[in-house]
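Data from input.pdb: PDB, C-alpha atoms
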MODEL        1
ATOM      1  CA  MET F   1     145.170  21.085  63.526
ATOM      2  CA  GLU F   2     146.073  24.742  63.892
ATOM      3  CA  GLY F   3     146.934  24.830  60.188
ATOM      4  CA  LYS F   4     143.240  24.262  59.456
ATOM      5  CA  ASN F   5     142.182  27.316  61.435
ATOM      6  CA  ALA F   6     139.331  29.120  59.684
ATOM      7  CA  PHE F   7     141.239  32.388  60.045
ATOM      8  CA  TRP F   8     144.525  31.255  58.502
ATOM      9  CA  PHE F   9     144.364  34.265  56.198
ATOM     10  CA  LEU F  10     144.958  36.633  59.138
ATOM     11  CA  GLU F  11     148.607  35.603  59.421
ATOM     12  CA  ASN F  12     149.982  38.597  57.525
ATOM     13  CA  ILE F  13     147.384  41.140  58.647
ATOM     14  CA  ASP F  14     148.007  43.295  61.714
ATOM     15  CA  LEU F  15     144.381  43.724  62.724
ATOM     16  CA  SER F  16     145.203  45.251  66.091
ATOM     17  CA  GLY F  17     147.329  47.865  64.324
ATOM     18  CA  ILE F  18     144.483  48.663  61.935
ATOM     19  CA  PHE F  19     141.654  48.809  64.460
ATOM     20  CA  CYS F  20     143.565  49.776  67.606
ATOM     21  CA  PRO F  21     146.303  52.181  66.448
ATOM     22  CA  ASN F  22     148.518  54.242  68.674
ATOM     23  CA  LYS F  23     147.180  57.401  70.239
ATOM     24  CA  TYR F  24     148.517  59.730  67.547
ATOM     25  CA  ALA F  25     147.007  57.682  64.712
ATOM     26  CA  ALA F  26     143.707  57.460  66.544
ATOM     27  CA  GLN F  27     143.454  61.253  66.507
ATOM     28  CA  GLU F  28     143.678  61.269  62.712
ATOM     29  CA  ALA F  29     140.705  59.017  62.046
ATOM     30  CA  ASN F  30     137.337  57.986  63.399
ATOM     31  CA  PHE F  31     138.367  55.253  65.838
ATOM     32  CA  GLU F  32     136.440  54.051  68.856
ATOM     33  CA  HIS F  33     137.701  52.078  71.837
ATOM     34  CA  LYS F  34     135.020  50.830  74.197
ATOM     35  CA  ALA F  35     134.308  48.261  76.900
ATOM     36  CA  TYR F  36     130.966  46.454  77.115
ATOM     37  CA  LYS F  37     129.367  44.637  80.024
ATOM     38  CA  LYS F  38     127.915  41.154  79.680
ATOM     39  CA  GLY F  39     124.549  41.427  77.955
ATOM     40  CA  GLU F  40     125.182  44.911  76.569
ATOM     41  CA  PHE F  41     124.378  45.502  72.895
ATOM     42  CA  ILE F  42     126.950  46.876  70.489
ATOM     43  CA  TYR F  43     124.227  47.454  67.918
ATOM     44  CA  VAL F  44     120.644  46.381  67.267
ATOM     45  CA  PRO F  45     118.524  46.104  64.097
ATOM     46  CA  LYS F  46     117.934  49.441  62.340
ATOM     47  CA  ASP F  47     121.018  51.077  63.874
ATOM     48  CA  GLU F  48     123.284  52.868  61.407
ATOM     49  CA  SER F  49     125.683  50.408  59.755
ATOM     50  CA  ASP F  50     128.773  52.595  59.712
ATOM     51  CA  MET F  51     131.455  50.833  61.792
ATOM     52  CA  LEU F  52     133.563  47.662  61.720
ATOM     53  CA  PHE F  53     134.673  46.099  65.010
ATOM     54  CA  TYR F  54     137.702  44.158  66.235
ATOM     55  CA  ILE F  55     137.456  42.156  69.477
ATOM     56  CA  THR F  56     140.454  42.678  71.750
ATOM     57  CA  SER F  57     138.931  40.580  74.553
ATOM     58  CA  GLY F  58     135.682  38.750  75.235
ATOM     59  CA  ARG F  59     133.017  37.283  72.942
ATOM     60  CA  ILE F  60     130.147  38.668  70.870
ATOM     61  CA  LYS F  61     127.052  36.916  69.566
ATOM     62  CA  ILE F  62     125.454  37.926  66.281
ATOM     63  CA  GLY F  63     121.783  37.192  65.751
ATOM     64  CA  SER F  64     118.390  38.404  64.617
ATOM     65  CA  TYR F  65     114.792  38.153  65.757
ATOM     66  CA  GLY F  66     112.228  35.869  64.196
ATOM     67  CA  GLU F  67     108.502  35.455  64.640
ATOM     68  CA  GLY F  68     107.350  36.429  68.100
ATOM     69  CA  ASP F  69     110.731  38.092  68.708
ATOM     70  CA  LYS F  70     112.361  34.689  68.986
ATOM     71  CA  GLU F  71     116.145  35.058  68.975
ATOM     72  CA  ILE F  72     117.983  33.432  66.068
ATOM     73  CA  LEU F  73     121.675  32.978  66.811
ATOM     74  CA  LYS F  74     123.855  33.254  63.698
ATOM     75  CA  ALA F  75     127.425  33.322  65.006
ATOM     76  CA  ILE F  76     129.624  33.729  68.054
ATOM     77  CA  ILE F  77     132.676  35.922  67.421
ATOM     78  CA  HIS F  78     135.801  35.576  69.561
ATOM     79  CA  GLN F  79     138.851  37.585  70.554
ATOM     80  CA  GLY F  80     140.974  38.568  67.561
ATOM     81  CA  GLU F  81     138.086  38.448  65.088
ATOM     82  CA  VAL F  82     136.228  41.144  63.163
ATOM     83  CA  PHE F  83     132.490  41.721  62.773
ATOM     84  CA  GLY F  84     130.178  44.334  61.288
ATOM     85  CA  GLU F  85     131.766  43.917  57.860
ATOM     86  CA  LEU F  86     128.417  44.133  56.009
ATOM     87  CA  ALA F  87     128.739  47.893  56.382
ATOM     88  CA  LEU F  88     131.206  47.737  53.494
ATOM     89  CA  ILE F  89     128.873  46.087  50.996
ATOM     90  CA  GLY F  90     125.877  48.353  51.058
ATOM     91  CA  GLU F  91     124.182  47.642  54.388
ATOM     92  CA  GLU F  92     122.854  51.026  55.544
ATOM     93  CA  LYS F  93     120.928  49.831  58.607
ATOM     94  CA  ARG F  94     121.845  46.829  60.736
ATOM     95  CA  ARG F  95     119.698  43.775  60.128
ATOM     96  CA  ASP F  96     121.217  41.825  63.031
ATOM     97  CA  PHE F  97     122.136  42.564  66.609
ATOM     98  CA  ALA F  98     125.547  42.191  68.248
ATOM     99  CA  GLN F  99     125.601  41.518  71.995
ATOM    100  CA  ALA F 100     128.426  40.904  74.477
ATOM    101  CA  LEU F 101     128.371  37.387  75.952
ATOM    102  CA  GLU F 102     130.855  38.407  78.639
ATOM    103  CA  PRO F 103     132.831  41.547  79.543
ATOM    104  CA  THR F 104     134.224  42.569  76.162
ATOM    105  CA  THR F 105     136.481  45.276  74.768
ATOM    106  CA  LEU F 106     136.328  46.419  71.156
ATOM    107  CA  CYS F 107     138.215  48.653  68.815
ATOM    108  CA  ALA F 108     136.209  50.078  65.925
ATOM    109  CA  LEU F 109     136.940  51.749  62.626
ATOM    110  CA  SER F 110     134.499  53.810  60.590
ATOM    111  CA  LYS F 111     133.302  52.580  57.212
ATOM    112  CA  ALA F 112     134.747  55.689  55.580
ATOM    113  CA  ASP F 113     138.213  55.122  57.024
ATOM    114  CA  MET F 114     138.163  51.419  56.201
ATOM    115  CA  THR F 115     137.190  52.264  52.616
ATOM    116  CA  GLY F 116     140.238  54.500  52.422
ATOM    117  CA  LEU F 117     142.494  51.735  53.723
ATOM    118  CA  LEU F 118     141.070  49.289  51.202
ATOM    119  CA  ARG F 119     142.146  51.526  48.339
ATOM    120  CA  ASP F 120     145.760  51.290  49.475
ATOM    121  CA  ARG F 121     146.046  47.727  50.800
ATOM    122  CA  SER F 122     145.313  44.717  48.620
ATOM    123  CA  ASP F 123     146.011  42.362  51.550
ATOM    124  CA  LEU F 124     143.198  43.977  53.504
ATOM    125  CA  GLN F 125     140.867  43.607  50.527
ATOM    126  CA  THR F 126     141.715  39.906  50.346
ATOM    127  CA  PHE F 127     141.169  39.507  54.066
ATOM    128  CA  LEU F 128     137.684  41.018  53.977
ATOM    129  CA  LEU F 129     136.655  39.015  50.925
ATOM    130  CA  LYS F 130     137.750  35.794  52.589
ATOM    131  CA  ILE F 131     136.132  36.528  55.927
ATOM    132  CA  MET F 132     132.829  37.330  54.206
ATOM    133  CA  GLY F 133     133.092  34.218  52.067
ATOM    134  CA  SER F 134     133.918  32.003  55.029
ATOM    135  CA  ARG F 135     130.858  33.216  56.915
ATOM    136  CA  VAL F 136     128.562  32.629  53.942
ATOM    137  CA  LEU F 137     129.938  29.090  53.614
ATOM    138  CA  GLU F 138     129.469  28.546  57.341
ATOM    139  CA  MET F 139     125.811  29.558  57.124
ATOM    140  CA  GLU F 140     125.268  27.282  54.117
ATOM    141  CA  LYS F 141     126.892  24.416  55.982
ATOM    142  CA  ARG F 142     124.623  24.961  58.975
ATOM    143  CA  LEU F 143     121.570  25.028  56.710
ATOM    144  CA  GLU F 144     122.578  21.753  55.041
ATOM    145  CA  SER F 145     123.173  20.206  58.455
ATOM    146  CA  LEU F 146     119.720  21.289  59.590
ATOM    147  CA  VAL F 147     118.092  19.718  56.528
ATOM    148  CA  PHE F 148     120.050  16.463  56.233
ATOM    149  CA  LYS F 149     121.274  15.548  59.740
ATOM    150  CA  ASP F 150     119.545  14.568  62.952
ATOM    151  CA  SER F 151     120.081  16.536  66.153
ATOM    152  CA  ARG F 152     122.793  14.208  67.535
ATOM    153  CA  SER F 153     124.804  14.429  64.311
ATOM    154  CA  ARG F 154     124.473  18.222  64.280
ATOM    155  CA  VAL F 155     125.933  18.493  67.776
ATOM    156  CA  ILE F 156     128.831  16.163  66.934
ATOM    157  CA  GLY F 157     129.391  18.001  63.654
ATOM    158  CA  PHE F 158     129.626  21.248  65.597
ATOM    159  CA  LEU F 159     132.323  19.751  67.834
ATOM    160  CA  LEU F 160     134.285  18.543  64.813
ATOM    161  CA  ASP F 161     134.096  21.956  63.136
ATOM    162  CA  LEU F 162     135.239  23.565  66.367
ATOM    163  CA  ALA F 163     138.198  21.183  66.537
ATOM    164  CA  ASP F 164     139.169  21.965  62.936
ATOM    165  CA  LYS F 165     138.954  25.731  63.422
ATOM    166  CA  LYS F 166     140.224  26.264  66.944
ATOM    167  CA  GLY F 167     141.700  22.943  68.098
ATOM    168  CA  LYS F 168     145.285  22.518  69.226
ATOM    169  CA  ARG F 169     146.912  19.097  69.094
ATOM    170  CA  VAL F 170     148.180  17.944  72.496
ATOM    171  CA  GLY F 171     149.757  14.529  72.028
ATOM    172  CA  TYR F 172     146.994  12.319  70.649
ATOM    173  CA  GLU F 173     144.259  14.627  71.933
ATOM    174  CA  THR F 174     142.733  17.892  70.693
ATOM    175  CA  LEU F 175     142.311  20.860  73.033
ATOM    176  CA  ILE F 176     139.843  23.697  72.425
ATOM    177  CA  LYS F 177     139.996  26.605  74.839
ATOM    178  CA  GLY F 178     136.983  28.757  75.576
ATOM    179  CA  PHE F 179     134.238  26.148  75.184
ATOM    180  CA  PHE F 180     130.617  27.116  74.548
ATOM    181  CA  THR F 181     127.722  26.775  76.975
ATOM    182  CA  HIS F 182     125.202  24.042  76.257
ATOM    183  CA  GLN F 183     122.579  26.655  75.387
ATOM    184  CA  GLU F 184     124.917  28.361  72.905
ATOM    185  CA  ILE F 185     125.592  25.035  71.187
ATOM    186  CA  ALA F 186     121.853  24.323  71.107
ATOM    187  CA  ASN F 187     121.161  27.698  69.481
ATOM    188  CA  LEU F 188     123.892  27.223  66.884
ATOM    189  CA  THR F 189     122.802  23.679  65.986
ATOM    190  CA  ALA F 190     119.016  24.191  66.124
ATOM    191  CA  THR F 191     118.641  21.610  68.881
ATOM    192  CA  SER F 192     117.593  21.810  72.528
ATOM    193  CA  ARG F 193     119.814  22.348  75.542
ATOM    194  CA  GLN F 194     118.702  18.947  76.857
ATOM    195  CA  THR F 195     119.805  17.273  73.614
ATOM    196  CA  VAL F 196     123.226  18.929  73.769
ATOM    197  CA  THR F 197     123.684  17.884  77.402
ATOM    198  CA  THR F 198     122.640  14.306  76.612
ATOM    199  CA  VAL F 199     125.021  13.996  73.651
ATOM    200  CA  LEU F 200     127.986  15.533  75.494
ATOM    201  CA  ASN F 201     127.444  13.376  78.570
ATOM    202  CA  GLU F 202     127.171  10.255  76.413
ATOM    203  CA  LEU F 203     130.463  11.047  74.632
ATOM    204  CA  ARG F 204     132.116  11.802  77.954
ATOM    205  CA  SER F 205     130.904   8.508  79.460
ATOM    206  CA  ARG F 206     132.566   6.713  76.533
ATOM    207  CA  ASN F 207     135.793   8.638  77.187
ATOM    208  CA  LEU F 208     135.735  10.319  73.764
ATOM    209  CA  LEU F 209     135.945  13.774  75.328
ATOM    210  CA  THR F 210     135.954  15.771  78.532
ATOM    211  CA  PHE F 211     134.761  19.340  79.002
ATOM    212  CA  ASN F 212     134.042  22.179  81.363
ATOM    213  CA  ARG F 213     133.129  25.834  80.854
ATOM    214  CA  LYS F 214     136.701  26.776  79.974
ATOM    215  CA  ARG F 215     137.773  24.022  77.604
ATOM    216  CA  LEU F 216     136.892  20.955  75.561
ATOM    217  CA  LEU F 217     139.358  18.070  75.262
ATOM    218  CA  ILE F 218     138.622  15.565  72.493
ATOM    219  CA  ARG F 219     140.455  12.365  73.380
ATOM    220  CA  ASP F 220     139.876  10.539  70.093
ATOM    221  CA  LEU F 221     139.125  12.836  67.172
ATOM    222  CA  GLU F 222     139.007  10.079  64.562
ATOM    223  CA  GLN F 223     136.521   8.046  66.578
ATOM    224  CA  LEU F 224     134.392  11.138  67.013
ATOM    225  CA  ARG F 225     134.288  11.541  63.220
ATOM    226  CA  VAL F 226     132.875   8.015  62.949
ATOM    227  CA  GLU F 227     129.994   9.004  65.241
ATOM    228  CA  ILE F 228     128.498  11.528  62.839
TER     229      ILE F 228
ENDMDL
END
Take the structure in the file and give it back as structure tokens.
Amino acid sequence: MEGKNAFWFLENIDLSGIFCPNKYAAQEANFEHKAYKKGEFIYVPKDESDMLFYITSGRIKIGSYGEGDKEILKAIIHQGEVFGELALIGEEKRRDFAQALEPTTLCALSKADMTGLLRDRSDLQTFLLKIMGSRVLEMEKRLESLVFKDSRSRVIGFLLDLADKKGKRVGYETLIKGFFTHQEIANLTATSRQTVTTVLNELRSRNLLTFNRKRLLIRDLEQLRVEI
């Protein structure tokens, strides 16, 4: 299960060393180290797009605003992941917002300094290409799910994707730490919070999974695949 992690290509990249260097190195480049409170914005639309961010703790949500300022949730980024990478491919002003979902600490690197690193490190180039590609594929997959699947299937598909990316095999079961809230799942699957709650409670009543705010335990992954 862990071998299918969406971020398998990070294995040989020391992201903490790149984004959170020692004190001496930090003095030589434009690094930022900052803590954010729950609900605080890291950036909002039309801010300068000039930094990349690495999450040392906490979670960030990436989204935009639609008609009537309705929030459109695009992704939730976890500890050990990078965001803000569109700064490297021509984005001058942010189109999305990034907001802390809980107390979060970040290390950041300027676009100029990252560009310099990219000239010297082919592994870092590969990493950024793959992370951008994986996020494009994820958005395409969500769009296809929205078009071709009903709300119940979208919720179950989300759980299966989560198991593939972040699940850890524990005997015959699959453990995912740091589970999402029902509202977060609803936003990511274009369903309602009530639908998510109904589907999760149904699966729990059939002993296919158990969950709380800290973890999800899928008791029978293969049976869950049949449900979609």
Region 111-115 of chain F surroundings by all atoms listed in the file, 7 Å radius, close-in-sequence under 6 positions cut, as a list in words:
Ala29, Asp50, Met51, Leu52, Ala87 and Leu88 of chain F
Evaluate the PyMOL selection byres ((chain F and resi 146-151) around 8) against this structure - the residues, as a VMD selection string, please.
chain F and resid 142 to 145 152 to 155 189 to 191 195
For Leu162 (chain F), which of F:Leu101, F:Ile76, F:Leu124, F:Leu109 is the closest residue, counting only C-alpha atoms?
F:Ile76
With distances taken over all atoms listed in the file, which residue among F:Val226, F:Val136, F:Arg204, F:Ser49 lies nearest Glu91 (chain F)?
F:Ser49
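For the choices F:Leu216, F:Ile131, F:Leu188, F:Leu200, the atom-to-atom distance to Leu175 (chain F) is smallest for F:Leu216 when using only C-alpha atoms.
Interatomic distance, CA of Ala108 (chain F) against CA of Lys70 (chain F): 28.5 Å.
Shortest separation to Ile176 (chain F) among F:Leu209, F:Met139, F:Leu73, F:Ile18 occurs at residue F:Leu209, atoms counted being all atoms listed in the file.
Taking CA of Ile228 (chain F) as the reference point, CA of Ile156 (chain F) is found at 6.2 Å.
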Carefully work through the PyMOL selection byres ((chain F and resi 167) around 12) for this structure and note down the residues it includes, as a count of residues only.
30
Report as a list in words all protein, DNA and RNA residues lying within 12 Å of Glu40 (chain F), evaluated on all atoms listed in the file, omitting residues in the same chain fewer than 5 positions from it.
Lys34, Ala35, Arg59, Ile60, Lys61, Phe97, Ala98, Gln99, Ala100, Leu101, Glu102, Pro103, Thr104 and Thr105 of chain F
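The coordinates place CA of Gly80 (chain F) at 19.0 Å from CA of Tyr43 (chain F).
Nearest residue to Leu129 (chain F), choosing from F:Gln79, F:Ile89, F:Glu202, F:Arg225 and counting all atoms listed in the file: F:Ile89.
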Applying the PyMOL selection byres ((chain F and resi 63) around 6) to the file I just gave you, which residues come out? Please list them as a PDB file with C-alpha atoms, in the frame of the given file.
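File written: result_36.pdb
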ATOM      1  CA  ILE F  62     125.454  37.926  66.281  1.00  0.00           C
ATOM      2  CA  SER F  64     118.390  38.404  64.617  1.00  0.00           C
ATOM      3  CA  ILE F  72     117.983  33.432  66.068  1.00  0.00           C
ATOM      4  CA  LEU F  73     121.675  32.978  66.811  1.00  0.00           C
ATOM      5  CA  LYS F  74     123.855  33.254  63.698  1.00  0.00           C
ATOM      6  CA  ASP F  96     121.217  41.825  63.031  1.00  0.00           C
ATOM      7  CA  PHE F  97     122.136  42.564  66.609  1.00  0.00           C
TER       8      PHE F  97
END
Would you mind telling me which residue in F:Tyr65, F:Phe180, F:Phe53, F:Phe41 lies nearest to Cys107 (chain F) when using only C-alpha atoms?
F:Phe53
